[in-house]
Structures are given as C-alpha cells and as structure tokens.
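Structure data (TSV, C-alpha atoms) from data_5.tsv:
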chain	number	residue	atom	x	y	z
Y	1	MET	CA	79.81	135.61	133.38
Y	2	ALA	CA	81.36	134.10	130.27
Y	3	GLU	CA	83.21	130.82	130.58
Y	4	PRO	CA	87.02	131.15	130.23
Y	5	LEU	CA	88.53	130.40	126.84
Y	6	PHE	CA	90.85	127.46	127.34
Y	7	ARG	CA	94.02	127.40	125.26
Y	8	SER	CA	96.55	124.71	124.46
Y	9	PRO	CA	99.19	124.33	127.21
Y	10	PRO	CA	102.47	126.27	126.84
Y	11	GLY	CA	104.90	124.55	124.51
Y	12	THR	CA	102.18	122.68	122.63
Y	13	ARG	CA	100.05	123.48	119.59
Y	14	ASP	CA	96.99	122.21	117.80
Y	15	LEU	CA	97.89	120.29	114.66
Y	16	MET	CA	95.41	120.76	111.82
Y	17	PRO	CA	95.35	120.32	108.03
Y	18	PRO	CA	97.42	120.80	105.96
Y	19	VAL	CA	100.11	120.19	108.62
Y	20	THR	CA	98.55	116.89	109.71
Y	21	ASP	CA	98.20	115.76	106.08
Y	22	ARG	CA	101.88	116.46	105.53
Y	23	MET	CA	102.97	114.72	108.72
Y	24	ARG	CA	100.92	111.65	107.85
Y	25	ALA	CA	102.43	111.56	104.37
Y	26	MET	CA	105.92	111.75	105.84
Y	27	VAL	CA	105.23	108.92	108.26
Y	28	GLU	CA	103.85	106.82	105.39
Y	29	VAL	CA	107.12	107.27	103.48
Y	30	PHE	CA	109.13	106.27	106.54
Y	31	ALA	CA	106.87	103.27	107.18
Y	32	ASP	CA	107.37	102.12	103.60
Y	33	GLU	CA	111.16	102.40	103.83
Y	34	ALA	CA	111.25	100.62	107.19
Y	35	THR	CA	108.91	97.84	106.05
Y	36	LYS	CA	111.05	97.19	102.97
Y	37	ALA	CA	114.01	96.79	105.32
Y	38	GLY	CA	112.22	94.18	107.44
Y	39	PHE	CA	111.09	96.34	110.35
Y	40	GLY	CA	107.71	95.89	112.03
Y	41	GLN	CA	105.81	98.69	113.73
Y	42	VAL	CA	105.74	98.72	117.54
Y	43	THR	CA	103.69	101.16	119.63
Y	44	PRO	CA	104.70	101.28	123.31
Y	45	PRO	CA	102.62	103.10	125.94
Y	46	MET	CA	102.94	106.88	126.19
Y	47	PHE	CA	103.88	106.49	129.85
Y	48	GLU	CA	106.09	104.05	131.72
Y	49	ASP	CA	107.42	103.44	135.20
Y	50	ILE	CA	109.83	106.33	135.79
Y	51	GLY	CA	112.65	103.83	136.28
Y	52	VAL	CA	112.61	103.03	132.55
Y	53	PHE	CA	113.64	106.59	131.72
Y	54	VAL	CA	116.04	107.11	134.62
Y	55	ARG	CA	118.26	104.68	132.66
Y	56	LEU	CA	118.69	107.42	130.08
Y	57	GLY	CA	121.18	109.03	132.47
Y	58	GLU	CA	120.58	110.85	135.71
Y	59	ALA	CA	123.09	113.52	134.67
Y	60	THR	CA	121.08	114.44	131.56
Y	61	ASP	CA	118.65	117.34	131.30
Y	62	VAL	CA	116.07	114.91	129.91
Y	63	VAL	CA	115.90	113.16	133.29
Y	64	ASN	CA	116.82	116.02	135.64
Y	65	LYS	CA	114.76	118.86	134.21
Y	66	GLU	CA	112.50	117.77	131.37
Y	67	LEU	CA	110.74	114.60	132.49
Y	68	TYR	CA	106.97	114.81	132.96
Y	69	SER	CA	106.39	112.59	136.00
Y	70	PHE	CA	103.53	112.04	138.42
Y	71	GLU	CA	102.10	109.59	140.93
Y	72	ASP	CA	99.12	107.69	139.57
Y	73	LYS	CA	96.08	106.55	141.55
Y	74	GLY	CA	97.80	103.28	142.35
Y	75	GLY	CA	100.72	105.04	143.98
Y	76	ARG	CA	103.13	104.28	141.11
Y	77	THR	CA	105.57	106.95	139.91
Y	78	ILE	CA	104.90	107.29	136.19
Y	79	ALA	CA	106.59	109.38	133.50
Y	80	LEU	CA	105.46	110.40	130.04
Y	81	ARG	CA	107.98	109.10	127.55
Y	82	PRO	CA	110.63	111.68	126.57
Y	83	GLU	CA	111.84	109.33	123.80
Y	84	GLN	CA	111.07	105.77	122.70
Y	85	THR	CA	114.34	103.83	122.62
Y	86	ALA	CA	114.15	103.03	126.33
Y	87	SER	CA	110.50	102.01	125.92
Y	88	LEU	CA	111.33	99.63	123.07
Y	89	CYS	CA	114.16	98.12	125.13
Y	90	ARG	CA	111.63	97.56	127.92
Y	91	VAL	CA	109.28	95.94	125.37
Y	92	PHE	CA	112.10	93.61	124.29
Y	93	ALA	CA	113.00	92.78	127.89
Y	94	GLU	CA	109.36	91.98	128.72
Y	95	GLN	CA	108.10	90.35	125.53
Y	96	ARG	CA	111.33	88.56	124.49
Y	97	PRO	CA	110.92	88.55	120.69
Y	98	VAL	CA	113.43	86.49	118.72
Y	99	PRO	CA	116.61	88.51	118.07
Y	100	PRO	CA	117.71	90.25	116.02
Y	101	TRP	CA	114.48	92.20	116.50
Y	102	LYS	CA	113.83	95.01	114.03
Y	103	ALA	CA	111.17	97.53	115.07
Y	104	TRP	CA	110.07	100.94	113.86
Y	105	TYR	CA	107.82	103.41	115.62
Y	106	TYR	CA	105.99	106.70	115.31
Y	107	GLY	CA	104.41	108.80	118.00
Y	108	ALA	CA	104.46	111.66	120.46
Y	109	ASN	CA	107.07	112.25	123.14
Y	110	PHE	CA	107.06	114.79	125.97
Y	111	ARG	CA	109.76	117.00	127.44
Y	112	TYR	CA	109.35	120.03	129.69
Y	113	GLU	CA	111.72	122.37	127.89
Y	114	ALA	CA	111.72	125.91	126.54
Y	115	ALA	CA	109.53	125.96	123.45
Y	116	GLN	CA	110.97	127.39	120.25
Y	117	LYS	CA	110.59	126.95	116.53
Y	118	GLY	CA	110.83	123.24	115.73
Y	119	ARG	CA	110.95	122.26	119.42
Y	120	TYR	CA	107.83	121.67	121.48
Y	121	ARG	CA	106.95	120.04	124.79
Y	122	GLN	CA	104.93	117.47	122.86
Y	123	PHE	CA	106.73	116.42	119.70
Y	124	ASP	CA	106.57	113.58	117.20
Y	125	GLN	CA	109.34	111.25	116.11
Y	126	VAL	CA	109.77	108.34	113.75
Y	127	GLY	CA	112.51	105.88	114.54
Y	128	ALA	CA	113.91	102.39	114.14
Y	129	GLU	CA	115.69	100.01	116.53
Y	130	VAL	CA	117.47	96.68	116.13
Y	131	ILE	CA	118.13	94.61	119.26
Y	132	GLY	CA	120.18	91.44	119.33
Y	133	SER	CA	123.19	91.99	117.05
Y	134	SER	CA	126.59	93.65	117.47
Y	135	ASP	CA	127.40	93.46	113.75
Y	136	PRO	CA	128.87	96.85	112.69
Y	137	ASP	CA	127.34	96.34	109.25
Y	138	LEU	CA	123.99	96.64	111.03
Y	139	ASP	CA	125.09	100.08	112.25
Y	140	THR	CA	125.64	100.99	108.61
Y	141	GLU	CA	122.26	99.57	107.62
Y	142	LEU	CA	120.46	101.71	110.20
Y	143	ILE	CA	122.28	104.87	109.18
Y	144	VAL	CA	121.56	104.19	105.51
Y	145	LEU	CA	117.85	103.60	106.26
Y	146	ALA	CA	117.62	107.12	107.70
Y	147	ALA	CA	119.69	108.61	104.87
Y	148	ARG	CA	117.54	107.00	102.16
Y	149	PHE	CA	114.41	108.28	103.89
Y	150	TYR	CA	115.73	111.83	103.77
Y	151	GLU	CA	116.61	111.37	100.11
Y	152	ARG	CA	113.14	110.06	99.32
Y	153	ILE	CA	111.34	113.06	100.79
Y	154	GLY	CA	113.58	115.32	98.73
Y	155	LEU	CA	116.04	116.66	101.31
Y	156	ARG	CA	119.48	117.23	99.81
Y	157	ASN	CA	121.15	119.68	102.19
Y	158	VAL	CA	121.52	117.23	105.08
Y	159	GLN	CA	124.90	116.37	106.56
Y	160	LEU	CA	125.59	113.04	108.26
Y	161	MET	CA	128.08	113.16	111.13
Y	162	VAL	CA	129.44	109.97	112.72
Y	163	ASN	CA	131.65	109.16	115.68
Y	164	SER	CA	132.45	106.29	118.03
Y	165	LEU	CA	132.02	106.51	121.79
Y	166	GLY	CA	134.00	103.32	122.24
Y	167	ASP	CA	133.41	100.61	124.80
Y	168	PRO	CA	132.63	101.31	128.48
Y	169	ALA	CA	136.32	101.26	129.46
Y	170	ASP	CA	137.18	103.65	126.60
Y	171	ARG	CA	134.41	105.97	127.64
Y	172	ALA	CA	135.47	105.88	131.29
Y	173	ALA	CA	139.05	106.83	130.38
Y	174	TYR	CA	137.80	109.60	128.12
Y	175	THR	CA	135.45	110.89	130.81
Y	176	ASP	CA	138.38	111.10	133.25
Y	177	ALA	CA	140.39	113.05	130.69
Y	178	LEU	CA	137.51	115.44	130.08
Y	179	ARG	CA	136.98	115.93	133.80
Y	180	ALA	CA	140.61	116.95	134.23
Y	181	TYR	CA	140.55	119.24	131.20
Y	182	PHE	CA	137.26	121.01	131.99
Y	183	THR	CA	138.15	121.34	135.67
Y	184	ALA	CA	141.35	123.13	134.70
Y	185	ASN	CA	139.28	125.47	132.48
Y	186	GLN	CA	136.07	125.72	134.49
Y	187	ALA	CA	136.48	129.43	135.13
Y	188	ASP	CA	135.79	130.00	131.41
Y	189	LEU	CA	132.75	127.71	131.26
Y	190	THR	CA	129.17	128.90	131.67
Y	191	GLU	CA	127.48	128.26	134.99
Y	192	GLN	CA	125.27	125.59	133.41
Y	193	SER	CA	128.31	123.71	132.10
Y	194	ARG	CA	130.06	123.90	135.48
Y	195	LEU	CA	127.01	122.26	137.04
Y	196	THR	CA	127.02	119.61	134.28
Y	197	LEU	CA	130.74	119.01	134.82
Y	198	ALA	CA	130.09	118.02	138.42
Y	199	LYS	CA	127.63	115.34	137.25
Y	200	ASN	CA	129.01	114.10	133.93
Y	201	PRO	CA	131.90	115.77	132.05
Y	202	LEU	CA	130.81	114.10	128.80
Y	203	ARG	CA	127.60	116.13	128.80
Y	204	VAL	CA	129.58	119.39	128.67
Y	205	MET	CA	130.43	118.44	125.08
Y	206	ASP	CA	126.70	118.79	124.25
Y	207	SER	CA	126.62	122.49	125.16
Y	208	LYS	CA	125.54	124.78	122.33
Y	209	ARG	CA	126.17	127.91	124.44
Y	210	GLU	CA	128.57	130.25	122.67
Y	211	PRO	CA	130.85	130.97	125.68
Y	212	ASP	CA	131.56	127.23	126.01
Y	213	GLN	CA	132.54	126.62	122.40
Y	214	GLN	CA	136.17	127.74	122.54
Y	215	ILE	CA	136.83	125.52	125.56
Y	216	ILE	CA	135.04	122.56	123.94
Y	217	GLU	CA	137.11	122.98	120.78
Y	218	GLY	CA	140.29	122.41	122.78
Y	219	ALA	CA	139.00	119.35	124.66
Y	220	PRO	CA	140.46	115.86	124.16
Y	221	VAL	CA	138.73	113.77	121.51
Y	222	LEU	CA	137.38	110.30	122.12
Y	223	GLY	CA	139.14	108.79	119.15
Y	224	GLU	CA	142.40	108.94	121.12
Y	225	PHE	CA	140.94	106.52	123.69
Y	226	LEU	CA	139.31	103.86	121.48
Y	227	SER	CA	140.20	100.22	122.04
Y	228	VAL	CA	141.41	98.18	119.09
Y	229	GLU	CA	138.04	96.40	118.86
Y	230	ALA	CA	135.99	99.61	118.98
Y	231	GLY	CA	138.28	101.27	116.44
Y	232	ALA	CA	137.95	98.32	114.05
Y	233	ALA	CA	134.15	98.39	114.35
Y	234	PHE	CA	134.09	102.11	113.59
Y	235	ASP	CA	136.36	101.58	110.57
Y	236	ARG	CA	133.92	98.95	109.33
Y	237	VAL	CA	130.98	101.37	109.63
Y	238	GLN	CA	132.85	104.02	107.65
Y	239	ALA	CA	133.81	101.48	104.98
Y	240	GLY	CA	130.17	100.45	104.66
Y	241	LEU	CA	128.98	104.03	104.25
Y	242	ASN	CA	131.62	104.65	101.59
Y	243	ALA	CA	130.68	101.44	99.77
Y	244	LEU	CA	127.02	102.53	99.66
Y	245	ASN	CA	127.91	106.07	98.57
Y	246	VAL	CA	126.43	107.73	101.65
Y	247	PRO	CA	128.41	110.95	102.30
Y	248	PHE	CA	129.47	111.58	105.90
Y	249	VAL	CA	131.98	113.42	108.05
Y	250	VAL	CA	133.67	112.11	111.17
Y	251	GLU	CA	132.83	114.51	114.01
Y	252	PRO	CA	135.13	113.61	116.94
Y	253	ARG	CA	133.15	115.75	119.40
Y	254	LEU	CA	129.78	114.21	118.65
Y	255	VAL	CA	128.58	112.54	121.85
Y	256	ARG	CA	124.75	112.78	121.64
Y	257	GLY	CA	122.60	113.78	124.61
Y	258	LEU	CA	121.81	110.53	126.44
Y	259	ASP	CA	124.08	108.38	128.56
Y	260	TYR	CA	123.20	104.98	127.11
Y	261	TYR	CA	125.14	105.37	123.85
Y	262	ASN	CA	128.37	103.49	123.11
Y	263	ARG	CA	130.42	102.75	120.01
Y	264	THR	CA	128.72	104.11	116.86
Y	265	THR	CA	126.88	107.39	117.26
Y	266	PHE	CA	125.54	109.59	114.47
Y	267	GLU	CA	123.54	112.71	113.78
Y	268	PHE	CA	121.88	114.30	110.76
Y	269	ALA	CA	122.05	118.09	110.50
Y	270	GLY	CA	119.76	120.13	108.26
Y	271	LEU	CA	122.24	122.66	106.90
Y	272	SER	CA	119.43	124.88	105.65
Y	273	LEU	CA	118.34	125.48	109.26
Y	274	ASP	CA	119.83	127.72	111.93
Y	275	ALA	CA	123.08	126.12	113.06
Y	276	ALA	CA	122.12	126.17	116.75
Y	277	GLN	CA	118.99	124.07	116.13
Y	278	ASN	CA	119.72	122.09	112.98
Y	279	ALA	CA	119.72	118.49	114.25
Y	280	VAL	CA	116.94	116.68	112.39
Y	281	GLY	CA	117.71	113.20	113.66
Y	282	GLY	CA	120.31	110.89	115.12
Y	283	GLY	CA	121.05	107.82	117.13
Y	284	GLY	CA	123.63	105.22	117.91
Y	285	ARG	CA	124.50	101.94	119.56
Y	286	TYR	CA	123.30	101.25	123.11
Y	287	ASP	CA	124.72	97.85	124.08
Y	288	GLY	CA	123.81	97.22	127.73
Y	289	LEU	CA	120.57	99.20	127.91
Y	290	VAL	CA	118.32	96.13	127.61
Y	291	ALA	CA	120.18	94.44	130.46
Y	292	ASN	CA	119.79	97.61	132.57
Y	293	LEU	CA	116.03	97.24	132.13
Y	294	GLY	CA	115.99	93.67	133.44
Y	295	GLY	CA	116.25	91.90	130.10
Y	296	PRO	CA	118.95	89.72	128.54
Y	297	ASP	CA	122.29	91.32	127.76
Y	298	GLU	CA	121.53	91.96	124.10
Y	299	PRO	CA	123.20	94.74	122.09
Y	300	GLY	CA	121.11	97.34	120.32
Y	301	ILE	CA	121.25	100.26	117.91
Y	302	GLY	CA	118.66	102.72	116.71
Y	303	PHE	CA	117.76	106.26	115.73
Y	304	ALA	CA	114.99	108.81	116.04
Y	305	LEU	CA	114.11	111.49	113.48
Y	306	GLY	CA	112.24	114.61	114.53
Y	307	VAL	CA	109.11	115.11	112.44
Y	308	ASP	CA	108.76	118.85	113.13
Y	309	ARG	CA	112.42	119.70	112.55
Y	310	THR	CA	112.53	117.53	109.41
Y	311	LEU	CA	109.52	119.36	107.96
Y	312	LEU	CA	111.18	122.71	108.75
Y	313	ALA	CA	114.19	121.52	106.75
Y	314	CYS	CA	111.82	120.55	103.93
Y	315	ASP	CA	110.32	124.06	104.03
Y	316	ALA	CA	113.80	125.59	103.85
Y	317	GLU	CA	114.60	123.49	100.77
Y	318	GLY	CA	111.16	123.85	99.22
Y	319	VAL	CA	110.45	120.11	99.09
Y	320	PHE	CA	107.81	117.66	100.33
Y	321	GLY	CA	104.83	119.95	100.40
Y	322	ALA	CA	101.46	118.97	101.77
Y	323	PRO	CA	99.62	116.37	99.64
Y	324	ASP	CA	96.50	117.42	97.77
Y	325	THR	CA	93.58	116.39	99.97
Y	326	ASN	CA	90.95	118.53	98.24
Y	327	PRO	CA	87.94	116.60	96.99
Y	328	GLN	CA	88.24	115.49	93.39
Y	329	VAL	CA	84.47	115.48	92.90
Y	330	TRP	CA	81.75	117.68	94.39
Y	331	VAL	CA	78.18	116.43	94.32
Y	332	VAL	CA	75.38	118.96	93.80
Y	333	ALA	CA	71.94	117.44	94.37
Y	334	ALA	CA	68.76	119.47	93.96
Y	335	THR	CA	66.38	116.63	94.79
Y	336	PRO	CA	64.21	115.91	97.83
Y	337	GLY	CA	65.67	112.44	98.40
Y	338	VAL	CA	69.09	111.11	99.41
Y	339	GLU	CA	70.45	110.95	95.89
Y	340	GLY	CA	73.38	113.24	96.71
Y	341	LEU	CA	74.42	111.12	99.68
Y	342	ALA	CA	74.18	107.96	97.59
Y	343	LEU	CA	76.34	109.47	94.84
Y	344	VAL	CA	79.04	110.54	97.31
Y	345	ASP	CA	79.11	107.03	98.73
Y	346	GLN	CA	79.36	105.48	95.27
Y	347	LEU	CA	82.26	107.73	94.29
Y	348	ARG	CA	84.14	107.16	97.56
Y	349	ARG	CA	83.80	103.41	97.17
Y	350	ALA	CA	85.40	103.80	93.75
Y	351	GLY	CA	88.40	105.50	95.43
Y	352	LEU	CA	87.53	109.09	94.56
Y	353	ARG	CA	87.71	111.90	97.11
Y	354	SER	CA	84.15	113.23	97.10
Y	355	ASP	CA	82.08	115.62	99.19
Y	356	ARG	CA	78.79	117.52	99.32
Y	357	VAL	CA	76.72	119.92	101.40
Y	358	GLU	CA	73.10	119.72	102.44
Y	359	SER	CA	70.75	119.17	99.50
Y	360	THR	CA	68.34	121.60	101.15
Y	361	ARG	CA	70.57	124.45	99.97
Y	362	SER	CA	69.77	126.09	96.66
Y	363	MET	CA	71.49	124.94	93.48
Y	364	LYS	CA	73.30	128.29	93.35
Y	365	ALA	CA	74.60	127.94	96.92
Y	366	GLN	CA	75.76	124.38	96.28
Y	367	MET	CA	77.59	125.37	93.09
Y	368	LYS	CA	79.27	128.24	94.94
Y	369	LYS	CA	80.55	125.73	97.49
Y	370	ALA	CA	81.68	123.40	94.69
Y	371	ASN	CA	83.70	126.17	93.03
Y	372	LYS	CA	85.45	126.97	96.32
Y	373	SER	CA	86.14	123.34	97.22
Y	374	GLY	CA	89.11	122.77	94.93
Y	375	ALA	CA	87.32	119.86	93.25
Y	376	GLU	CA	88.01	119.21	89.59
Y	377	VAL	CA	84.46	118.29	88.59
Y	378	ALA	CA	80.95	118.71	89.91
Y	379	ILE	CA	78.31	116.01	89.64
Y	380	ILE	CA	74.86	117.56	89.29
Y	381	VAL	CA	71.59	115.76	89.73
Y	382	GLY	CA	68.20	117.45	89.73
Y	383	GLU	CA	64.72	116.08	89.37
Y	384	ASP	CA	64.91	116.23	85.56
Y	385	GLU	CA	68.19	114.27	85.47
Y	386	LEU	CA	66.81	111.84	88.02
Y	387	ALA	CA	63.75	111.18	85.88
Y	388	ARG	CA	65.93	110.48	82.83
Y	389	GLY	CA	68.37	108.27	84.75
Y	390	GLU	CA	71.22	110.67	84.00
Y	391	ILE	CA	73.91	112.64	85.81
Y	392	ALA	CA	75.41	115.96	84.68
Y	393	ILE	CA	79.20	116.31	84.87
Y	394	LYS	CA	80.55	119.87	84.95
Y	395	PRO	CA	84.32	120.61	84.84
Y	396	LEU	CA	85.33	123.12	87.52
Y	397	ARG	CA	88.90	123.72	86.34
Y	398	GLY	CA	90.32	124.20	82.88
Y	399	GLN	CA	88.51	123.47	79.64
Y	400	GLY	CA	85.54	121.27	78.89
Y	401	ASP	CA	81.78	121.51	78.62
Y	402	GLN	CA	79.12	120.11	80.89
Y	403	LYS	CA	77.64	116.86	79.63
Y	404	ASN	CA	75.07	114.32	80.72
Y	405	VAL	CA	75.87	110.63	81.10
Y	406	PRO	CA	73.76	107.63	82.16
Y	407	SER	CA	73.83	107.11	85.93
Y	408	SER	CA	75.25	103.62	85.40
Y	409	GLU	CA	78.35	105.13	83.71
Y	410	LEU	CA	79.03	107.76	86.37
Y	411	VAL	CA	82.30	106.43	87.81
Y	412	GLU	CA	83.88	105.68	84.44
Y	413	ALA	CA	82.91	109.11	83.10
Y	414	VAL	CA	84.32	110.92	86.15
Y	415	GLN	CA	87.57	108.95	85.99
Y	416	GLU	CA	87.92	109.92	82.32
Y	417	TYR	CA	87.60	113.58	83.27
Y	418	LEU	CA	90.23	113.23	86.01
Y	419	GLN	CA	92.86	111.59	83.80
Produce structure tokens that represent the structure in this file.
Amino acid sequence: MAEPLFRSPPGTRDLMPPVTDRMRAMVEVFADEATKAGFGQVTPPMFEDIGVFVRLGEATDVVNKELYSFEDKGGRTIALRPEQTASLCRVFAEQRPVPPWKAWYYGANFRYEAAQKGRYRQFDQVGAEVIGSSDPDLDTELIVLAARFYERIGLRNVQLMVNSLGDPADRAAYTDALRAYFTANQADLTEQSRLTLAKNPLRVMDSKREPDQQIIEGAPVLGEFLSVEAGAAFDRVQAGLNALNVPFVVEPRLVRGLDYYNRTTFEFAGLSLDAAQNAVGGGGRYDGLVANLGGPDEPGIGFALGVDRTLLACDAEGVFGAPDTNPQVWVVAATPGVEGLALVDQLRRAGLRSDRVESTRSMKAQMKKANKSGAEVAIIVGEDELARGEIAIKPLRGQGDQKNVPSSELVEAVQEYLQ
C-alpha cells in the first residue's frame, strides 16, 4: 500500500523561488530603511506564554477565535504569536534596554482564520516599534518610515489614513456612546456584530460586513470625545506629516483591530486591491501595554506591514518584481578532474553567480543545460584548453564570439563580458 501524500496544512502554502527571492528582497529594503533610522533588528520567539497575547484584548477575534494555543510538555499554556508588538513589549519588559528603544523585526505569525488571497494562517510581517517616548513627533517618524518604504519599493497607489483613539478616559467615554448607539440599532446589525457589541462596542467599528456599514456610518466619532491633550498631540502628528509632504486623510472611524491602541492610530490601504481586503499595513500608539506585561510604564508606538498583501499591491501596480537570481556564468567542464568545481568556486568568490552540472555529462548535454539556465556566458574547459592553460568564454545571449583567454585572466574577462 502506497504511503499517503502529505500536503501543507489548510491555510498555509509552500514558499519557493521566485516568491522567496522577492520576499527576501523586500525585507532587505525594509531593513535598510529601518537601519538608516536607527532601528536594530530583534527576533522574539515564535511562541510565548499565552498571557502575553491575552493582553491584545479578550474581546478581539485574534484572542477569542484565531489564537493557536497548546499545553507544552512542562504543563505551560503556550501560544504561537499572532503578531509581534506584544512580544517586543515583553522583550522590553524582560530585558530592559535603554529607552527610547527602537527595534524592527521580520518573521512569521500565526492566526487560525479563513484563508483567502493575501491572508494565510501563517503569514509574514515586517514592523518597527519604539518604546520609551510619548513625543508625537515620534508618531510622525514611524508613519513616515513606513510611507518611505512603500515609496522605495515603487508603490504609488497607497492611501494613508490616520486617527486618534484618545486617552483611556476619552476611549471609555466613546465606548459608552457607541454601546448606547449600537444597542439602539442592534436589530439592524449582523449576528456577529451583536455578539461583538456585548463584549466591546469599539470592535463593531472594525466590521467589514456589508449589512453593518450603514449603521457604522451613523455612529458617533471618536474625535468628539478627545481630551485637549490628546487633540493637541494628534494636531502635532498631522502638522508633521504635512511638513514632510506625506499625503494622508483623517479617517474618524479608524479604530484598528486590537485593544491596546490609544492616541495615534494609522493604516495604509492599497487602493489597487479589492476594497474589502486592501489593508497593507498599519499601527499606532500603545501606551500602557509594557506595564500590562509586567514592565515599567513606558509608552510605545509601532506598526506592522503585511508582506503578502504588500506584494499583491505591487503586482497590481506592476512594480517590485522578483530579482534576477539566474546564474550569470555557467561552467561546462569536459575533463576527468575537478576543474569545473574549482572554476565555479573561483567565480563565486569573485562575487559572480555561477553554477554547473556533473562533468560526467557530455559536452552537448552540459551546453544544453547552460542555454536553459539563463546565464549570460558559459565557461568551457576541455582537456585541450586545460593543456594550454586556457579557458573558453562563450556568450549565451546577444552578440559576441567565443574566445579563449588565459586561465589566470578568467575573472577579469568574464566581468568584461557582463558589463
């Protein structure tokens, strides 16, 4: 009986070239932008004590429905990370780096949710966090970091939306107003939103379900409840964005999906994507989260950008294609020794992408492979060339004739061809 063919779990997929090449290139761009801005990379564990993520909000779907949790062999209740902000706050609380602490990250997160295009149960994000400063100009700096990253990878049809969730007292007053409003209109809400209303009225504002939209449009807006201090901080953020020529719109119903946010919140929408699933990134301020995880009462702000959804937006705009990872040079060796292997090593050490197949194959078979490889030139060495101390260089694309060069001049000759 044949063994069963195992497949990737539902909601996941196998990432292979050229997708992985493109993802790596995108992360390298983000890493460069973050490093220039003074951020250092931090990699927290993929799993934490479940209590770390319960702080995201027990009324959220992320905690109630989507968390991958289990009991480990030591009897601890562990959860795979559904996002990384809470993990980085735990890192700060435990490791106590000097504030303000600027950290960026990249890695996989896990949520048990319905899989669809651009949304998977294992998904990658890049993000940045700053812990230890309440300066609203820092809010602007974080938003601009994300905006400049999108610009650099070529995205132009991205809309930045900003809002303020105010201070805890502002949010509490707003939540009471929403509870009264949605309760009066609950007969017109979907069943899911009625269940959400009982737990946290603010989360109803996150609903993307069409029947809820008309009711949400008539709901009170948080801006009516902002304290003087929170309003001034939000004005400062908007002034900073205008000064740096970063276009934005104020979206008074933007609340984001996790309970830890306060004051500045923001989201980037890829307008070239379907409107129901066009969020490519977002974040906000989360003063109080570090203290909730047992650390000092330090303010924080950060964002996360979805790698998959961002690349879908790139596809829609026709930008940031996969980098060329084809070999530049293909080595064809018809000799009994290890000359081909030595040549590949020499070329790679010189920084050239080089490859080969077994030298036991015929010259014809090796040249056939070279022509299919995408390489620009082939390096050919047979026993005659070996005896003369020469290498043959054969262009595989465009014009040019095959020529022999001394073995000692191989790298320089190849680089001349590739210019």
Any chance you could work out the axis-aligned box around region 270-275 of chain Y, listed atoms only, 4 Å on each side, giving centre and edge lengths in Å to one decimal, as lines of an AutoDock Vina configuration file?
center_x = 120.7
center_y = 123.9
center_z = 109.4
size_x = 12.7
size_y = 15.6
size_z = 15.4
Quick one: residues within 10 Å of Val27 (chain Y), only C-alpha atoms, excluding same-chain residues fewer than 5 positions away - as a short mmCIF file (atom, residue, chain, number, x, y, z; two decimals) with C-alpha atoms, in the coordinates of the input?
data_model
loop_
_atom_site.label_atom_id
_atom_site.label_comp_id
_atom_site.auth_asym_id
_atom_site.auth_seq_id
_atom_site.Cartn_x
_atom_site.Cartn_y
_atom_site.Cartn_z
CA ARG Y 22 101.88 116.46 105.53
CA ASP Y 32 107.37 102.12 103.60
CA GLU Y 33 111.16 102.40 103.83
CA TYR Y 105 107.82 103.41 115.62
CA TYR Y 106 105.99 106.70 115.31
CA GLY Y 107 104.41 108.80 118.00
CA GLN Y 125 109.34 111.25 116.11
CA VAL Y 126 109.77 108.34 113.75
CA VAL Y 307 109.11 115.11 112.44
#
Coordinates-based distance that separates CA of Phe92 (chain Y) from CA of Gly295 (chain Y) (Å, one decimal): 7.3 Å
With only C-alpha atoms as the counted atoms, please give the residues lying no more than 12 Å from Leu15 (chain Y), apart from itself and same-chain residues fewer than 2 positions off, as a PyMOL selection string. chain Y and resi 8+12-13+17-24+122-124+308
Can you tell me how far CA of Asn278 (chain Y) sits from CA of Arg309 (chain Y), in Å to one decimal?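 We find that CA of Asn278 (chain Y) and CA of Arg309 (chain Y) lie 7.7 Å from each other.
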Would you pick out the contacts of region 138-140 of chain Y at 12 Å or less, using all atoms listed in the file, so that residues sharing its chain but fewer than 6 positions from it are not included, and give the list as a VMD selection string? chain Y and resid 37 100 to 102 128 to 132 146 to 148 162 to 164 233 to 246 248 262 to 266 283 to 286 299 to 303
For Leu273 (chain Y), which residue out of Y:Gln419, Y:Gln159, Y:Ser362, Y:Thr196 is the nearest one, using all atoms listed in the file?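 With all atoms listed in the file as the atom set, the closest residue is Y:Gln159.
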From the list Y:Lys199, Y:Pro4, Y:Leu160, Y:Phe225, which residue is nearest Gly281 (chain Y) when using all atoms listed in the file? Y:Leu160
Grab the CA of Arg361 (chain Y) to CA of Trp330 (chain Y) distance for me, in Å with one decimal place.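 That distance, rounded to one decimal, is 14.2 Å.
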May I ask which of the residues Y:Gly400, Y:Gly270, Y:Pro406, Y:Gly38 is the closest one to Glu376 (chain Y), counting all atoms listed in the file?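 For Glu376 (chain Y), the nearest of the given residues is Y:Gly400.
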Could you pull the residues within 9 Å of Gln116 (chain Y), counting only C-alpha atoms, minus those fewer than 3 positions along the same chain, as a list in words? Gly11, Arg119 and Tyr120 of chain Y
Taking 6 positions as the minimum chain separation for residues in the same chain, which residues sit within 8 Å of Cys89 (chain Y) when counting only C-alpha atoms? Answer as a list in words. Ile131, Leu289, Val290 and Leu293 of chain Y
Please fill the gaps in region 98-109 of chain Y so it has N, CA and C atoms, and write that as a CSV table (one decimal), in the coordinates of the input.
chain,number,residue,atom,x,y,z
Y,98,VAL,N,112.2,87.2,119.2
Y,98,VAL,CA,113.4,86.5,118.7
Y,98,VAL,C,114.4,87.5,118.1
Y,99,PRO,N,115.6,87.6,118.6
Y,99,PRO,CA,116.6,88.5,118.1
Y,99,PRO,C,117.2,88.0,116.8
Y,100,PRO,N,117.8,88.8,115.9
Y,100,PRO,CA,117.7,90.2,116.0
Y,100,PRO,C,116.3,90.8,115.7
Y,101,TRP,N,115.8,91.6,116.6
Y,101,TRP,CA,114.5,92.2,116.5
Y,101,TRP,C,114.5,93.6,115.9
Y,102,LYS,N,113.8,93.7,114.8
Y,102,LYS,CA,113.8,95.0,114.0
Y,102,LYS,C,112.5,95.7,114.2
Y,103,ALA,N,112.4,96.8,114.8
Y,103,ALA,CA,111.2,97.5,115.1
Y,103,ALA,C,111.3,99.0,114.7
Y,104,TRP,N,110.1,99.5,114.1
Y,104,TRP,CA,110.1,100.9,113.9
Y,104,TRP,C,108.9,101.5,114.6
Y,105,TYR,N,108.9,102.8,114.8
Y,105,TYR,CA,107.8,103.4,115.6
Y,105,TYR,C,107.5,104.8,115.1
Y,106,TYR,N,106.4,105.3,115.5
Y,106,TYR,CA,106.0,106.7,115.3
Y,106,TYR,C,105.1,107.1,116.5
Y,107,GLY,N,105.3,108.3,117.0
Y,107,GLY,CA,104.4,108.8,118.0
Y,107,GLY,C,104.9,110.0,118.7
Y,108,ALA,N,104.1,110.5,119.7
Y,108,ALA,CA,104.5,111.7,120.5
Y,108,ALA,C,105.4,111.3,121.6
Y,109,ASN,N,106.2,112.3,122.0
Y,109,ASN,CA,107.1,112.2,123.1
Y,109,ASN,C,106.9,113.6,123.9
